[in-house]
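Novice: Structure file input-v1.txt (compact mmCIF, C-alpha atoms) is given on the next line.
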# COMPACT_ATOMS: atom_id res chain seq x y z
CA MET A 24 -5.92 18.29 -4.73
CA GLN A 25 -2.36 17.10 -5.21
CA VAL A 26 -1.78 13.33 -5.06
CA GLU A 27 1.57 12.08 -6.32
CA LEU A 28 4.25 9.43 -6.19
CA VAL A 29 7.69 10.96 -6.78
CA ARG A 30 11.30 9.78 -6.97
CA ASP A 31 13.00 13.05 -6.15
CA ARG A 32 13.21 15.01 -2.93
CA ILE A 33 9.85 16.23 -1.58
CA ASP A 34 9.76 20.01 -1.26
CA THR A 35 7.58 20.45 1.82
CA GLN A 36 7.54 24.23 1.66
CA ALA A 37 6.59 24.42 -2.02
CA ILE A 38 3.75 21.90 -1.64
CA THR A 39 2.39 23.66 1.42
CA ASP A 40 2.62 27.09 -0.23
CA ARG A 41 0.78 25.83 -3.31
CA LEU A 42 -2.02 24.40 -1.18
CA LYS A 43 -2.90 27.60 0.69
CA VAL A 44 -5.61 30.03 -0.36
CA GLY A 45 -6.95 33.20 1.25
CA GLU A 46 -9.94 31.47 2.91
CA ASP A 47 -7.72 29.04 4.81
CA GLY A 48 -7.08 29.61 8.48
CA ALA A 49 -4.99 26.49 9.05
CA VAL A 50 -2.71 24.05 7.28
CA THR A 51 -1.73 20.90 9.16
CA VAL A 52 1.39 19.23 7.74
CA PHE A 53 2.57 15.71 8.44
CA ASP A 54 6.17 15.32 7.30
CA GLY A 55 7.17 11.67 7.64
CA ILE A 56 10.94 11.20 7.64
CA VAL A 57 13.39 8.31 7.56
CA ARG A 58 14.60 7.44 11.05
CA ASN A 59 18.15 6.26 11.75
CA ASN A 60 17.09 3.04 13.47
CA THR A 61 14.46 0.34 13.36
CA ARG A 62 13.72 -1.47 16.61
CA GLY A 63 17.13 -0.32 17.84
CA ARG A 64 18.99 -1.55 14.75
CA GLN A 65 21.03 1.07 12.89
CA THR A 66 19.45 1.84 9.51
CA LEU A 67 21.63 2.82 6.52
CA TYR A 68 18.81 3.74 4.13
CA LEU A 69 15.34 2.67 3.00
CA ASP A 70 13.93 1.67 -0.35
CA TYR A 71 10.22 2.17 -1.06
CA THR A 72 8.34 0.38 -3.84
CA ALA A 73 4.66 0.57 -4.75
CA HIS A 74 1.96 -0.91 -6.89
CA GLU A 75 2.01 2.52 -8.44
CA SER A 76 -1.23 2.72 -10.41
CA MET A 77 -3.18 1.24 -7.52
CA ALA A 78 -1.42 3.35 -4.87
CA LEU A 79 -2.24 6.54 -6.77
CA ARG A 80 -5.86 5.55 -7.09
CA GLU A 81 -6.08 4.61 -3.39
CA MET A 82 -4.41 7.88 -2.33
CA GLY A 83 -6.82 9.86 -4.50
CA GLU A 84 -9.77 8.06 -2.93
CA LEU A 85 -8.43 8.73 0.57
CA ALA A 86 -8.01 12.43 -0.24
CA ASP A 87 -11.59 12.58 -1.55
CA GLU A 88 -12.85 10.77 1.51
CA ALA A 89 -10.96 13.09 3.89
CA ILE A 90 -12.54 16.12 2.24
CA ALA A 91 -16.02 14.56 2.44
CA ARG A 92 -15.67 13.11 5.93
CA PHE A 93 -13.96 16.00 7.73
CA GLY A 94 -15.16 18.89 5.59
CA VAL A 95 -11.64 20.20 4.96
CA ARG A 96 -11.08 22.35 1.88
CA ASP A 97 -8.12 20.63 0.21
CA VAL A 98 -5.48 17.94 0.65
CA ALA A 99 -1.98 17.34 -0.71
CA MET A 100 -0.49 13.87 -0.38
CA VAL A 101 2.92 13.03 -1.86
CA HIS A 102 4.84 9.79 -1.26
CA ARG A 103 8.41 9.28 -2.40
CA LEU A 104 9.64 5.96 -3.84
CA GLY A 105 13.11 4.52 -4.34
CA ARG A 106 16.12 4.95 -2.09
CA LEU A 107 15.78 7.42 0.79
CA GLU A 108 18.50 8.50 3.19
CA ILE A 109 18.15 9.18 6.91
CA GLY A 110 16.22 12.38 7.61
CA GLU A 111 14.64 12.63 4.16
CA THR A 112 10.88 12.99 3.73
CA SER A 113 9.12 9.81 2.63
CA ILE A 114 5.55 11.08 2.92
CA LEU A 115 4.09 14.56 3.05
CA ILE A 116 0.45 15.13 3.89
CA ALA A 117 -0.90 18.67 4.08
CA VAL A 118 -4.51 19.53 4.87
CA ALA A 119 -5.96 23.03 4.51
CA SER A 120 -9.19 24.48 5.81
CA ALA A 121 -10.74 27.48 7.48
CA HIS A 122 -10.30 26.04 11.00
CA ARG A 123 -7.62 23.91 12.62
CA GLY A 124 -9.69 21.20 14.33
CA VAL A 125 -10.66 19.41 11.14
CA THR A 126 -7.22 19.78 9.57
CA PHE A 127 -5.57 17.97 12.51
CA ALA A 128 -8.21 15.23 12.45
CA ALA A 129 -8.08 14.74 8.68
CA CYS A 130 -4.27 14.69 8.59
CA ARG A 131 -4.12 12.05 11.33
CA TRP A 132 -6.75 9.92 9.62
CA LEU A 133 -4.95 10.17 6.27
CA ILE A 134 -1.57 8.94 7.53
CA ASP A 135 -3.11 6.22 9.70
CA THR A 136 -5.24 4.93 6.82
CA LEU A 137 -2.47 5.21 4.23
CA LYS A 138 -0.21 3.05 6.40
CA LYS A 139 -2.80 0.28 6.50
CA GLN A 140 -4.09 0.11 2.96
CA VAL A 141 -2.11 2.02 0.32
CA PRO A 142 0.06 -0.55 -1.51
CA ILE A 143 3.55 0.74 -0.74
CA TRP A 144 6.34 -1.33 0.81
CA LYS A 145 9.53 -0.42 2.60
CA GLN A 146 12.76 -2.37 2.53
CA GLU A 147 15.20 -1.50 5.30
CA PHE A 148 18.93 -1.73 4.69
CA PHE A 149 21.29 -2.31 7.60
CA VAL A 150 25.05 -2.80 7.81
CA ASP A 151 24.53 -6.56 7.86
CA GLY A 152 21.63 -7.06 5.45
CA ALA A 153 18.16 -5.98 4.37
CA VAL A 154 14.61 -6.81 5.46
CA TRP A 155 11.15 -5.98 4.19
CA ALA A 156 9.40 -4.06 6.95
CA PRO A 157 6.71 -6.34 8.40
CA GLY A 158 3.82 -3.92 7.78
CA GLU A 159 0.55 -3.47 9.62
CA PRO A 160 -2.11 -6.14 9.20
CA PHE A 161 -4.66 -5.26 6.55
CA PRO A 162 -8.10 -4.21 7.81
CA ALA A 163 -10.18 -7.40 8.00
CA GLU A 164 -12.34 -6.43 5.04
CA LEU A 165 -9.31 -6.17 2.74
CA GLN A 166 -7.51 -9.32 3.86
CA VAL A 167 -8.36 -12.17 1.55
CA VAL A 168 -8.06 -15.18 3.77
CA SER A 169 -9.34 -14.45 7.26
CA SER A 170 -13.01 -13.96 6.48
CA HIS A 171 -13.22 -16.75 3.92
CA GLY A 172 -11.27 -19.57 5.50
CA THR A 173 -7.76 -20.65 4.58
CA PRO A 174 -7.43 -21.18 0.83
CA MET B 131 -22.20 -18.90 -5.17
CA ALA B 132 -22.11 -17.84 -8.82
CA ALA B 133 -19.34 -20.23 -9.70
CA CYS B 134 -18.14 -21.42 -13.07
CA GLN B 135 -19.36 -18.44 -15.12
CA ASN B 136 -15.92 -17.86 -16.50
CA ARG B 137 -14.72 -21.32 -17.24
CA TYR B 138 -12.03 -21.58 -19.89
CA ALA B 139 -11.52 -25.02 -21.30
CA TYR B 140 -7.73 -24.73 -21.15
CA GLY B 141 -7.39 -22.31 -18.27
CA MET B 142 -7.16 -18.55 -18.42
CA ARG B 143 -4.36 -16.11 -19.05
CA LEU B 144 -3.44 -13.91 -16.07
CA ARG B 145 -0.77 -11.35 -15.32
CA VAL B 146 0.32 -11.79 -11.71
CA LEU B 147 2.28 -9.06 -9.90
CA PHE B 148 4.28 -9.63 -6.72
CA PHE B 149 5.20 -7.04 -4.12
CA GLY B 150 7.22 -6.68 -0.93
CA VAL B 151 8.73 -9.84 0.44
CA LEU B 152 7.02 -11.91 -2.28
CA ARG B 153 9.42 -10.39 -4.83
CA ASP B 154 12.33 -12.18 -3.17
CA ARG B 155 10.62 -15.48 -3.97
CA PHE B 156 8.70 -14.86 -7.22
CA GLY B 157 10.28 -11.81 -8.90
CA GLN B 158 8.24 -8.83 -10.05
CA GLU B 159 5.64 -10.56 -12.18
CA GLU B 160 4.62 -13.71 -13.94
CA GLN B 161 2.35 -14.44 -16.90
CA LEU B 162 0.18 -17.48 -16.31
CA GLN B 163 -0.94 -18.78 -19.70
CA GLN B 164 -3.34 -21.49 -18.58
CA PHE B 165 -4.35 -20.97 -14.99
CA PRO B 166 -6.75 -23.83 -14.24
CA GLY B 167 -8.68 -22.16 -11.38
CA HIS B 168 -11.52 -19.65 -11.27
CA THR B 169 -11.31 -17.45 -8.20
CA VAL B 170 -8.88 -15.32 -6.21
CA ALA B 171 -8.86 -18.09 -3.60
CA ASP B 172 -7.85 -20.62 -6.27
CA LEU B 173 -4.92 -18.43 -7.31
CA LEU B 174 -3.74 -18.03 -3.71
CA ARG B 175 -4.00 -21.78 -3.22
CA TYR B 176 -1.92 -22.28 -6.35
CA TYR B 177 0.94 -20.05 -5.16
CA ARG B 178 0.75 -21.33 -1.62
CA ALA B 179 1.41 -24.82 -2.97
CA VAL B 180 4.42 -23.46 -4.90
CA ALA B 181 5.93 -21.76 -1.83
CA PRO B 182 4.59 -23.36 1.36
CA GLU B 183 7.78 -22.21 3.13
CA LEU B 184 6.36 -18.68 3.25
CA ASP B 185 4.06 -20.15 5.85
CA GLN B 186 1.99 -17.65 7.83
CA LEU B 187 2.56 -14.90 5.25
CA TRP B 188 -0.14 -16.55 3.12
CA GLY B 189 -2.70 -15.80 5.80
CA THR B 190 -1.89 -12.07 5.86
CA LEU B 191 -2.13 -11.17 2.16
CA ALA B 192 -4.56 -8.96 0.35
CA VAL B 193 -5.18 -9.38 -3.38
CA ALA B 194 -5.95 -6.69 -5.91
CA VAL B 195 -7.57 -7.52 -9.25
CA ASN B 196 -7.12 -4.75 -11.81
CA GLN B 197 -5.97 -2.35 -9.06
CA GLN B 198 -8.96 -2.97 -6.77
CA TYR B 199 -8.90 -4.95 -3.52
CA ALA B 200 -10.70 -8.22 -4.17
CA ALA B 201 -12.50 -10.84 -2.08
CA ALA B 202 -11.43 -14.50 -2.12
CA SER B 203 -14.61 -15.46 -3.93
CA LEU B 204 -14.11 -13.02 -6.84
CA GLN B 205 -14.25 -14.76 -10.23
CA LEU B 206 -11.16 -14.07 -12.29
CA GLN B 207 -11.45 -13.15 -15.97
CA GLN B 208 -9.19 -13.74 -18.94
CA ASP B 209 -6.28 -11.21 -18.94
CA ASP B 210 -6.92 -9.91 -15.43
CA GLU B 211 -4.02 -8.29 -13.61
CA VAL B 212 -3.80 -9.87 -10.18
CA ALA B 213 -1.49 -8.41 -7.52
CA LEU B 214 -0.48 -10.32 -4.41
CA LEU B 215 0.03 -7.80 -1.62
CA PRO B 216 1.80 -8.47 1.69
CA PRO B 217 0.88 -6.13 4.58
CA VAL B 218 1.85 -2.64 3.46
CA SER B 219 4.54 -0.50 5.09
CA GLY B 220 4.40 2.87 3.38
CA GLY B 221 4.34 6.20 5.16
CA ALA B 222 7.04 6.76 7.72
CA GLY B 223 8.24 5.49 11.04
CA CYS B 224 7.74 2.25 12.84
CA VAL B 225 5.00 -0.30 12.57
CA ARG B 226 2.80 0.16 15.60
CA LYS B 227 2.65 -3.46 16.68
CA HIS B 228 6.46 -3.42 17.04
CA ALA B 229 6.72 0.03 18.59
CA GLY B 230 7.54 0.64 22.20
Could you render the structure from this file as structure tokens?

Specialist:
Amino acid sequence: MQVELVRDRIDTQAITDRLKVGEDGAVTVFDGIVRNNTRGRQTLYLDYTAHESMALREMGELADEAIARFGVRDVAMVHRLGRLEIGETSILIAVASAHRGVTFAACRWLIDTLKKQVPIWKQEFFVDGAVWAPGEPFPAELQVVSSHGTP
Amino acid sequence: MAACQNRYAYGMRLRVLFFGVLRDRFGQEEQLQQFPGHTVADLLRYYRAVAPELDQLWGTLAVAVNQQYAAASLQLQQDDEVALLPPVSGGAGCVRKHAG
């Protein structure tokens, strides 16, 4: 299992090659890249920051859960932090197993869950300023206020 | 509620970390030497009073205590690391609620 936060370019091919073993019949790869616009506004570059120790622990737990829940053989999950240019990989998720059905399902679940609960934030830089991306609402059980009344 | 187990006469020492949009207002972190409250909810109430202008953001946060997501009722301990977390936006691509 490879779970990492990195500051340099993510080498998709190397990570995928390292993951594969002879028993595998399928590797599903999600290669998340920086798009050149956000809601129609031209993006110059992005900057990712994380609560790093917590993000690593959360990513490790998600990888463990994917293996247990979907029965896949192994998972690689690498997120890049810092400044990223258009077209560069921000997140790579690769899932290997004997059959493709579970690798597609596990890969989809991993990116969807990561985007909701792994503590990483994206700041978007435009020609005329920067904004923190609004983010998806936390799942109700993680949000502090909603279930306990307004503090 | 198991309140008041961790009462410190002069408040407790906490390391508070800020992320995302909260960094624009509070910086990366702050050491509270004598926090007078007891729970995660108390700490949120404290910062909300400092920056009420952040408005509805306060209702969307999660809090992690020592790198674990925590409930509002969690009792804080001396020297805890408490992170205030706005909705996360890692991964890639657009946020779904704004897409399409």

Novice: Can you write out as JSON lines which residues of chain A fall within 9 Å of chain B, alongside each residue's closest atom pair and its distance in Å to one decimal, counting all atoms listed in the file and ordering rows by chain and ascending residue number?

Specialist:
{"residue": "A:Asp54", "atom": "CA", "partner": "B:Ala222", "partner_atom": "CA", "distance": 8.6}
{"residue": "A:Gly55", "atom": "CA", "partner": "B:Ala222", "partner_atom": "CA", "distance": 4.9}
{"residue": "A:Ile56", "atom": "CA", "partner": "B:Ala222", "partner_atom": "CA", "distance": 5.9}
{"residue": "A:Val57", "atom": "CA", "partner": "B:Ala222", "partner_atom": "CA", "distance": 6.5}
{"residue": "A:Arg58", "atom": "CA", "partner": "B:Gly223", "partner_atom": "CA", "distance": 6.7}
{"residue": "A:Thr61", "atom": "CA", "partner": "B:Cys224", "partner_atom": "CA", "distance": 7.0}
{"residue": "A:Arg62", "atom": "CA", "partner": "B:Ala229", "partner_atom": "CA", "distance": 7.4}
{"residue": "A:Tyr71", "atom": "CA", "partner": "B:Gly220", "partner_atom": "CA", "distance": 7.4}
{"residue": "A:Thr72", "atom": "CA", "partner": "B:Gly150", "partner_atom": "CA", "distance": 7.7}
{"residue": "A:Ala73", "atom": "CA", "partner": "B:Phe149", "partner_atom": "CA", "distance": 7.7}
{"residue": "A:His74", "atom": "CA", "partner": "B:Phe149", "partner_atom": "CA", "distance": 7.5}
{"residue": "A:Ser76", "atom": "CA", "partner": "B:Gln197", "partner_atom": "CA", "distance": 7.1}
{"residue": "A:Met77", "atom": "CA", "partner": "B:Gln197", "partner_atom": "CA", "distance": 4.8}
{"residue": "A:Ala78", "atom": "CA", "partner": "B:Gln197", "partner_atom": "CA", "distance": 8.4}
{"residue": "A:Arg80", "atom": "CA", "partner": "B:Gln197", "partner_atom": "CA", "distance": 8.1}
{"residue": "A:Glu81", "atom": "CA", "partner": "B:Gln198", "partner_atom": "CA", "distance": 8.8}
{"residue": "A:His102", "atom": "CA", "partner": "B:Gly221", "partner_atom": "CA", "distance": 7.4}
{"residue": "A:Thr112", "atom": "CA", "partner": "B:Ala222", "partner_atom": "CA", "distance": 8.3}
{"residue": "A:Ser113", "atom": "CA", "partner": "B:Ala222", "partner_atom": "CA", "distance": 6.3}
{"residue": "A:Ile114", "atom": "CA", "partner": "B:Gly221", "partner_atom": "CA", "distance": 5.5}
{"residue": "A:Leu115", "atom": "CA", "partner": "B:Gly221", "partner_atom": "CA", "distance": 8.6}
{"residue": "A:Ile134", "atom": "CA", "partner": "B:Gly221", "partner_atom": "CA", "distance": 6.9}
{"residue": "A:Asp135", "atom": "CA", "partner": "B:Gly221", "partner_atom": "CA", "distance": 8.7}
{"residue": "A:Leu137", "atom": "CA", "partner": "B:Gly221", "partner_atom": "CA", "distance": 6.9}
{"residue": "A:Lys138", "atom": "CA", "partner": "B:Gly220", "partner_atom": "CA", "distance": 5.5}
{"residue": "A:Lys139", "atom": "CA", "partner": "B:Val218", "partner_atom": "CA", "distance": 6.3}
{"residue": "A:Gln140", "atom": "CA", "partner": "B:Val218", "partner_atom": "CA", "distance": 6.6}
{"residue": "A:Val141", "atom": "CA", "partner": "B:Val218", "partner_atom": "CA", "distance": 6.9}
{"residue": "A:Pro142", "atom": "CA", "partner": "B:Val218", "partner_atom": "CA", "distance": 5.7}
{"residue": "A:Ile143", "atom": "CA", "partner": "B:Gly220", "partner_atom": "CA", "distance": 4.7}
{"residue": "A:Trp144", "atom": "CA", "partner": "B:Ser219", "partner_atom": "CA", "distance": 4.7}
{"residue": "A:Lys145", "atom": "CA", "partner": "B:Ser219", "partner_atom": "CA", "distance": 5.6}
{"residue": "A:Gln146", "atom": "CA", "partner": "B:Gly150", "partner_atom": "CA", "distance": 7.8}
{"residue": "A:Val154", "atom": "CA", "partner": "B:Val151", "partner_atom": "CA", "distance": 8.3}
{"residue": "A:Trp155", "atom": "CA", "partner": "B:Val151", "partner_atom": "CA", "distance": 5.9}
{"residue": "A:Ala156", "atom": "CA", "partner": "B:Ser219", "partner_atom": "CA", "distance": 6.3}
{"residue": "A:Pro157", "atom": "CA", "partner": "B:Pro217", "partner_atom": "CA", "distance": 7.0}
{"residue": "A:Gly158", "atom": "CA", "partner": "B:Ser219", "partner_atom": "CA", "distance": 4.4}
{"residue": "A:Glu159", "atom": "CA", "partner": "B:Pro217", "partner_atom": "CA", "distance": 5.7}
{"residue": "A:Pro160", "atom": "CA", "partner": "B:Pro217", "partner_atom": "CA", "distance": 5.5}
{"residue": "A:Phe161", "atom": "CA", "partner": "B:Pro217", "partner_atom": "CA", "distance": 5.9}
{"residue": "A:Glu164", "atom": "CA", "partner": "B:Ala201", "partner_atom": "CA", "distance": 8.4}
{"residue": "A:Leu165", "atom": "CA", "partner": "B:Ala192", "partner_atom": "CA", "distance": 6.0}
{"residue": "A:Gln166", "atom": "CA", "partner": "B:Ala192", "partner_atom": "CA", "distance": 4.6}
{"residue": "A:Val167", "atom": "CA", "partner": "B:Ala192", "partner_atom": "CA", "distance": 5.1}
{"residue": "A:Val168", "atom": "CA", "partner": "B:Gly189", "partner_atom": "CA", "distance": 5.8}
{"residue": "A:Ser169", "atom": "CA", "partner": "B:Gly189", "partner_atom": "CA", "distance": 6.9}
{"residue": "A:Ser170", "atom": "CA", "partner": "B:Ala202", "partner_atom": "CA", "distance": 8.8}
{"residue": "A:His171", "atom": "CA", "partner": "B:Ala202", "partner_atom": "CA", "distance": 6.7}
{"residue": "A:Thr173", "atom": "CA", "partner": "B:Gly189", "partner_atom": "CA", "distance": 7.1}
{"residue": "A:Pro174", "atom": "CA", "partner": "B:Arg175", "partner_atom": "CA", "distance": 5.3}

Novice: Between B:Asp210, B:Arg155, B:Gln205, B:Met142, single out the one closest to Tyr177 of chain B, counting all atoms listed in the file.

Specialist: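 Between B:Asp210, B:Arg155, B:Gln205, B:Met142, the residue approaching Tyr177 of chain B most closely is B:Arg155.
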
Novice: Could you please determine the separation between atom CA of Arg30 of chain A and atom CA of Val101 of chain A in Å, to one decimal place?

Specialist: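 Taking atom CA of Arg30 of chain A and atom CA of Val101 of chain A, their separation equals 10.3 Å.
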
Novice: Give me the residues within 7 Å of Phe53 of chain A as a PDB file with C-alpha atoms, in the frame of the given file, counting only C-alpha atoms and dropping any in the same chain fewer than 6 places off.

Specialist:
ATOM      1  CA  LEU A 115       4.090  14.560   3.050  1.00  0.00           C
ATOM      2  CA  ILE A 116       0.450  15.130   3.890  1.00  0.00           C
ATOM      3  CA  ALA A 117      -0.900  18.670   4.080  1.00  0.00           C
ATOM      4  CA  CYS A 130      -4.270  14.690   8.590  1.00  0.00           C
TER       5      CYS A 130
END

Novice: How many Å separate atom CA of Gln65 of chain A from atom CA of Val150 of chain A?

Specialist: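 Atom-to-atom, atom CA of Gln65 of chain A and atom CA of Val150 of chain A are spaced 7.5 Å apart.
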
Novice: Could you check which residues have any atom within 8 Å of (-12.2, 16.8, 6.9), counting all atoms listed in the file with coordinates taken straight from the file, and then list them as a ChimeraX atom specification?

Specialist: /A:89-96,125-126,128-129

Novice: Distance atom CA of Gln161 of chain B-atom CA of Leu144 of chain B, one decimal place?

Specialist: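 Computing the Euclidean distance for atom CA of Gln161 of chain B and atom CA of Leu144 of chain B yields 5.9 Å.
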
Novice: Which residues, written as a PDB file with C-alpha atoms, keeping the file's coordinate frame, have at least one atom at most 9 Å from segment 37-43 of chain A, with all atoms listed in the file counted and residues fewer than 3 positions away on the same chain left out?

Specialist:
ATOM      1  CA  MET A  24      -5.920  18.290  -4.730  1.00  0.00           C
ATOM      2  CA  GLN A  25      -2.360  17.100  -5.210  1.00  0.00           C
ATOM      3  CA  ILE A  33       9.850  16.230  -1.580  1.00  0.00           C
ATOM      4  CA  ASP A  34       9.760  20.010  -1.260  1.00  0.00           C
ATOM      5  CA  GLU A  46      -9.940  31.470   2.910  1.00  0.00           C
ATOM      6  CA  ASP A  47      -7.720  29.040   4.810  1.00  0.00           C
ATOM      7  CA  ALA A  49      -4.990  26.490   9.050  1.00  0.00           C
ATOM      8  CA  VAL A  50      -2.710  24.050   7.280  1.00  0.00           C
ATOM      9  CA  VAL A  52       1.390  19.230   7.740  1.00  0.00           C
ATOM     10  CA  ASP A  97      -8.120  20.630   0.210  1.00  0.00           C
ATOM     11  CA  VAL A  98      -5.480  17.940   0.650  1.00  0.00           C
ATOM     12  CA  ALA A  99      -1.980  17.340  -0.710  1.00  0.00           C
ATOM     13  CA  VAL A 101       2.920  13.030  -1.860  1.00  0.00           C
ATOM     14  CA  LEU A 115       4.090  14.560   3.050  1.00  0.00           C
ATOM     15  CA  ALA A 117      -0.900  18.670   4.080  1.00  0.00           C
ATOM     16  CA  VAL A 118      -4.510  19.530   4.870  1.00  0.00           C
ATOM     17  CA  ALA A 119      -5.960  23.030   4.510  1.00  0.00           C
ATOM     18  CA  SER A 120      -9.190  24.480   5.810  1.00  0.00           C
TER      19      SER A 120
END

Novice: When you get a chance, write out N, CA and C atoms for segment 166-182 of chain B, as a PDB file, in the coordinates of the input.

Specialist:
ATOM      1  N   PRO B 166      -5.605 -22.919 -14.218  1.00  0.00           N
ATOM      2  CA  PRO B 166      -6.750 -23.830 -14.240  1.00  0.00           C
ATOM      3  C   PRO B 166      -7.871 -23.458 -13.262  1.00  0.00           C
ATOM      4  N   GLY B 167      -7.656 -22.473 -12.380  1.00  0.00           N
ATOM      5  CA  GLY B 167      -8.680 -22.160 -11.380  1.00  0.00           C
ATOM      6  C   GLY B 167      -9.649 -21.094 -11.853  1.00  0.00           C
ATOM      7  N   HIS B 168     -10.463 -20.614 -10.926  1.00  0.00           N
ATOM      8  CA  HIS B 168     -11.520 -19.650 -11.270  1.00  0.00           C
ATOM      9  C   HIS B 168     -11.520 -18.395 -10.412  1.00  0.00           C
ATOM     10  N   THR B 169     -11.129 -18.553  -9.149  1.00  0.00           N
ATOM     11  CA  THR B 169     -11.310 -17.450  -8.200  1.00  0.00           C
ATOM     12  C   THR B 169      -9.971 -16.968  -7.642  1.00  0.00           C
ATOM     13  N   VAL B 170     -10.038 -15.843  -6.933  1.00  0.00           N
ATOM     14  CA  VAL B 170      -8.880 -15.320  -6.210  1.00  0.00           C
ATOM     15  C   VAL B 170      -8.363 -16.374  -5.226  1.00  0.00           C
ATOM     16  N   ALA B 171      -9.274 -17.047  -4.550  1.00  0.00           N
ATOM     17  CA  ALA B 171      -8.860 -18.090  -3.600  1.00  0.00           C
ATOM     18  C   ALA B 171      -8.104 -19.210  -4.299  1.00  0.00           C
ATOM     19  N   ASP B 172      -8.544 -19.579  -5.504  1.00  0.00           N
ATOM     20  CA  ASP B 172      -7.850 -20.620  -6.270  1.00  0.00           C
ATOM     21  C   ASP B 172      -6.407 -20.191  -6.583  1.00  0.00           C
ATOM     22  N   LEU B 173      -6.261 -18.924  -6.949  1.00  0.00           N
ATOM     23  CA  LEU B 173      -4.920 -18.430  -7.310  1.00  0.00           C
ATOM     24  C   LEU B 173      -4.002 -18.432  -6.085  1.00  0.00           C
ATOM     25  N   LEU B 174      -4.540 -18.015  -4.931  1.00  0.00           N
ATOM     26  CA  LEU B 174      -3.740 -18.030  -3.710  1.00  0.00           C
ATOM     27  C   LEU B 174      -3.338 -19.461  -3.346  1.00  0.00           C
ATOM     28  N   ARG B 175      -4.276 -20.374  -3.521  1.00  0.00           N
ATOM     29  CA  ARG B 175      -4.000 -21.780  -3.220  1.00  0.00           C
ATOM     30  C   ARG B 175      -2.889 -22.300  -4.121  1.00  0.00           C
ATOM     31  N   TYR B 176      -2.927 -21.875  -5.370  1.00  0.00           N
ATOM     32  CA  TYR B 176      -1.920 -22.280  -6.350  1.00  0.00           C
ATOM     33  C   TYR B 176      -0.515 -21.836  -5.907  1.00  0.00           C
ATOM     34  N   TYR B 177      -0.387 -20.548  -5.548  1.00  0.00           N
ATOM     35  CA  TYR B 177       0.940 -20.050  -5.160  1.00  0.00           C
ATOM     36  C   TYR B 177       1.372 -20.566  -3.792  1.00  0.00           C
ATOM     37  N   ARG B 178       0.413 -20.778  -2.936  1.00  0.00           N
ATOM     38  CA  ARG B 178       0.750 -21.330  -1.620  1.00  0.00           C
ATOM     39  C   ARG B 178       1.365 -22.719  -1.770  1.00  0.00           C
ATOM     40  N   ALA B 179       0.863 -23.484  -2.731  1.00  0.00           N
ATOM     41  CA  ALA B 179       1.410 -24.820  -2.970  1.00  0.00           C
ATOM     42  C   ALA B 179       2.827 -24.733  -3.551  1.00  0.00           C
ATOM     43  N   VAL B 180       3.086 -23.652  -4.308  1.00  0.00           N
ATOM     44  CA  VAL B 180       4.420 -23.460  -4.900  1.00  0.00           C
ATOM     45  C   VAL B 180       5.432 -23.081  -3.810  1.00  0.00           C
ATOM     46  N   ALA B 181       5.003 -22.271  -2.847  1.00  0.00           N
ATOM     47  CA  ALA B 181       5.930 -21.760  -1.830  1.00  0.00           C
ATOM     48  C   ALA B 181       5.356 -21.917  -0.416  1.00  0.00           C
ATOM     49  N   PRO B 182       5.156 -23.157   0.011  1.00  0.00           N
ATOM     50  CA  PRO B 182       4.590 -23.360   1.360  1.00  0.00           C
ATOM     51  C   PRO B 182       5.521 -22.834   2.450  1.00  0.00           C
TER      52      PRO B 182
END
